[in-house]
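work26.txt (compact mmCIF, C-alpha atoms) appears below.
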```txt
# COMPACT_ATOMS: atom_id res chain seq x y z
CA MET D 1 -50.16 -106.27 113.30
CA ILE D 2 -47.59 -104.84 115.42
CA ASP D 3 -46.87 -106.60 118.57
CA ILE D 4 -45.74 -104.55 121.46
CA ASN D 5 -43.58 -106.33 123.88
CA PRO D 6 -43.99 -104.67 127.28
CA GLY D 7 -40.61 -105.81 128.56
CA ILE D 8 -38.73 -104.37 125.62
CA LEU D 9 -40.81 -101.23 125.69
CA PHE D 10 -40.05 -100.75 129.37
CA VAL D 11 -36.31 -101.30 128.77
CA GLN D 12 -36.32 -98.87 125.86
CA ILE D 13 -38.13 -96.20 127.90
CA LEU D 14 -35.78 -96.77 130.83
CA THR D 15 -32.74 -96.55 128.53
CA PHE D 16 -34.11 -93.42 126.97
CA LEU D 17 -34.65 -91.81 130.40
CA ILE D 18 -31.18 -92.81 131.61
CA ALA D 19 -29.64 -91.43 128.41
CA MET D 20 -31.62 -88.21 128.92
CA ALA D 21 -30.45 -87.94 132.53
CA ILE D 22 -26.84 -88.49 131.51
CA LEU D 23 -27.19 -85.93 128.70
CA TRP D 24 -28.88 -83.56 131.11
CA LYS D 25 -26.07 -83.81 133.59
CA ILE D 26 -23.18 -83.92 131.15
CA ALA D 27 -24.21 -81.91 128.09
CA TRP D 28 -27.30 -79.90 128.92
CA GLY D 29 -25.70 -77.78 131.70
CA PRO D 30 -22.61 -76.80 129.72
CA LEU D 31 -24.74 -76.28 126.60
CA ASN D 32 -27.14 -74.15 128.59
CA ASN D 33 -24.20 -72.16 130.05
CA MET D 34 -22.76 -71.69 126.58
CA ILE D 35 -26.11 -70.46 125.24
CA SER D 36 -26.44 -68.14 128.26
CA GLN D 37 -22.95 -66.77 127.71
CA ARG D 38 -23.69 -66.30 124.03
CA GLN D 39 -26.91 -64.42 124.89
CA ASP D 40 -25.01 -62.22 127.36
CA LYS D 41 -22.31 -61.50 124.76
CA ILE D 42 -24.92 -60.62 122.12
CA LYS D 43 -26.70 -58.40 124.63
CA LYS D 44 -23.40 -56.65 125.53
CA ASP D 45 -22.57 -56.22 121.83
CA LEU D 46 -26.02 -54.74 121.21
CA ASP D 47 -25.57 -52.39 124.18
CA TYR D 48 -22.12 -51.42 122.90
CA ALA D 49 -23.56 -50.83 119.42
CA GLU D 50 -26.31 -48.65 120.91
CA GLN D 51 -23.75 -46.68 122.91
CA ALA D 52 -21.61 -46.28 119.80
CA LYS D 53 -24.68 -45.14 117.88
CA GLN D 54 -25.45 -42.58 120.62
CA ALA D 55 -21.82 -41.43 120.62
CA VAL D 56 -21.92 -41.01 116.83
CA GLU D 57 -25.18 -39.07 117.08
CA ASN D 58 -23.68 -36.84 119.80
CA LEU D 59 -20.54 -36.30 117.72
CA GLN D 60 -22.69 -35.50 114.71
CA LYS D 61 -24.67 -32.96 116.76
CA GLU D 62 -21.44 -31.42 118.06
CA TYR D 63 -20.00 -31.37 114.54
CA THR D 64 -23.15 -29.72 113.20
CA ALA D 65 -23.12 -27.15 116.02
CA LYS D 66 -19.42 -26.39 115.46
CA LEU D 67 -19.96 -26.18 111.71
CA GLU D 68 -22.80 -23.71 112.24
CA GLU D 69 -20.61 -21.74 114.65
CA ILE D 70 -17.77 -21.69 112.12
CA GLN D 71 -20.15 -20.61 109.37
CA ALA D 72 -21.49 -17.84 111.61
CA LYS D 73 -17.94 -16.69 112.39
CA ALA D 74 -17.03 -16.84 108.70
CA SER D 75 -20.10 -14.78 107.83
CA GLU D 76 -19.19 -12.32 110.57
CA ILE D 77 -15.61 -12.07 109.31
CA ILE D 78 -16.83 -11.58 105.75
CA ALA D 79 -19.25 -8.86 106.86
CA GLU D 80 -16.48 -7.23 108.89
CA ALA D 81 -14.14 -7.38 105.90
CA LYS D 82 -16.82 -5.84 103.67
CA ASN D 83 -17.37 -3.03 106.18
CA GLU D 84 -13.63 -2.47 106.49
CA SER D 85 -13.18 -2.45 102.72
CA GLN D 86 -16.06 0.02 102.40
CA LYS D 87 -14.37 2.27 104.98
CA VAL D 88 -11.05 1.99 103.17
CA LYS D 89 -12.78 2.74 99.87
CA GLU D 90 -14.48 5.79 101.34
CA GLU D 91 -11.20 6.96 102.88
CA ILE D 92 -9.39 6.53 99.57
CA LEU D 93 -12.13 8.42 97.73
CA ARG D 94 -12.13 11.16 100.36
CA SER D 95 -8.35 11.39 100.14
CA ALA D 96 -8.46 11.47 96.34
CA HIS D 97 -11.11 14.21 96.37
CA GLN D 98 -9.08 16.17 98.88
CA GLU D 99 -5.90 15.81 96.81
CA ALA D 100 -7.78 16.78 93.67
CA GLU D 101 -9.16 19.86 95.43
CA GLU D 102 -5.69 20.77 96.69
CA LEU D 103 -4.25 20.33 93.19
CA ARG D 104 -7.07 22.45 91.73
CA LYS D 105 -6.43 25.22 94.27
CA LYS D 106 -2.69 25.01 93.69
CA ALA D 107 -3.24 25.19 89.93
CA GLN D 108 -5.53 28.19 90.38
CA LEU D 109 -2.90 29.91 92.51
CA GLN D 110 -0.22 29.11 89.93
CA LEU D 111 -2.46 30.41 87.15
CA ALA D 112 -3.15 33.59 89.11
CA ASP D 113 0.57 34.00 89.79
CA GLU D 114 1.46 33.40 86.13
CA ARG D 115 -1.29 35.79 85.06
CA SER D 116 0.06 38.41 87.41
CA LYS D 117 3.58 37.90 86.03
CA VAL D 118 2.32 38.10 82.45
CA ILE D 119 0.36 41.27 83.24
CA LYS D 120 3.42 42.84 84.85
CA ALA D 121 5.56 41.86 81.88
CA LEU D 122 2.94 43.26 79.51
CA ARG D 123 2.75 46.47 81.53
CA PHE D 124 6.49 46.83 81.37
CA GLU D 125 6.49 46.11 77.64
CA ILE D 126 3.60 48.50 76.98
CA THR D 127 5.27 51.19 79.02
CA GLY D 128 8.53 50.72 77.14
CA LEU D 129 6.70 50.84 73.84
CA SER D 130 4.79 53.89 74.98
CA PHE D 131 8.04 55.63 75.83
CA ASP D 132 9.52 54.64 72.51
CA ILE D 133 6.47 55.99 70.71
CA ALA D 134 6.42 59.12 72.81
CA GLU D 135 10.17 59.61 72.21
CA LYS D 136 9.74 59.27 68.52
CA ILE D 137 6.80 61.61 68.56
CA LEU D 138 8.54 64.21 70.54
CA GLN D 139 11.78 63.62 68.73
CA GLN D 140 13.69 64.06 71.81
CA SER D 141 15.65 61.76 73.98
CA VAL D 142 14.50 61.01 77.49
CA ASP D 143 17.26 60.49 80.03
CA LYS D 144 17.48 57.32 82.17
CA LYS D 145 16.18 58.90 85.39
CA MET D 146 13.24 60.53 83.66
CA HIS D 147 12.59 57.22 81.86
CA ASP D 148 12.43 55.30 85.18
CA ASN D 149 10.13 57.90 86.76
CA LEU D 150 7.79 57.82 83.80
CA LEU D 151 7.89 54.02 83.84
CA LYS D 152 6.87 53.89 87.53
CA GLU D 153 4.13 56.43 86.94
CA MET D 154 2.82 54.49 83.98
CA LEU D 155 2.87 51.21 85.95
CA GLU D 156 0.90 52.80 88.77
CA GLN D 157 -1.67 54.04 86.31
CA LEU D 158 -1.91 50.60 84.72
CA ASP D 159 -2.20 48.87 88.07
CA VAL D 160 -4.00 45.69 87.10
CA ARG D 161 -5.19 43.35 89.83
CA PRO D 162 -5.87 39.62 89.25
CA GLY D 163 -9.49 39.16 88.19
CA ASN D 164 -9.73 42.75 86.91
CA THR D 165 -9.65 42.36 83.15
CA LYS D 166 -10.81 45.85 82.20
CA GLN D 167 -8.17 48.55 82.32
CA LYS D 168 -8.31 52.17 81.52
CA LEU D 169 -5.34 53.60 79.81
CA GLN D 170 -4.88 57.33 80.28
```

Let me see the file written as structure tokens.
Amino acid sequence: MIDINPGILFVQILTFLIAMAILWKIAWGPLNNMISQRQDKIKKDLDYAEQAKQAVENLQKEYTAKLEEIQAKASEIIAEAKNESQKVKEEILRSAHQEAEELRKKAQLQLADERSKVIKALRFEITGLSFDIAEKILQQSVDKKMHDNLLKEMLEQLDVRPGNTKQKLQ
């Protein structure tokens, strides 16, 4: 069996208690301070990480809000550009139609003018031919003054106005 010697047991317990007291005084306080400091540092780091997380979330919210604002502005600018391009398109079409109408009117006036010139030339030619025919028929010569008077008279009788295609020759 195991014999327990009370003297040795007492000395061992006393040595253990003295060693514990020495450790308590020398090592336990600094160790406890070091653990406390480590806990404080970890707590500060966790607080800093939480603040950083909040800052990132705030920045992300600001970024999202700014991005939405930029997208809204871009959409507005695009809509404005579409409206402006539609106005420019309409103005160009209106201008083109107006120019086409002016060209059509100008062409009509030119055609009417040319028609009038052709009719006058034809009148003159017909009158000359008429005089030549009449001269040959009558077998007589018409003097220059009489020729001019007859020419004027004939032109007045053949007075053709633009748009009046039917003429009566007398």

Let me know the centre plus edge lengths, in Å and rounded to one decimal, of a box with edges along x, y and z that contains all listed atoms of region 42-60 of chain D and is padded by 8 Å on every side, as AutoDock Vina command-line options.
```
--center_x -23.6 --center_y -48.1 --center_z 120.1 --size_x 22.2 --size_y 41.1 --size_z 26.8
```

(Q) For a test of reading the model, state the distance in Å between CA of Gly29 (chain D) and CA of Leu17 (chain D), rounded to one decimal. (A)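 A separation of 16.7 Å between them.
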
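Taking CA of Leu109 (chain D) as the reference point, CA of Phe124 (chain D) is found at 22.3 Å.
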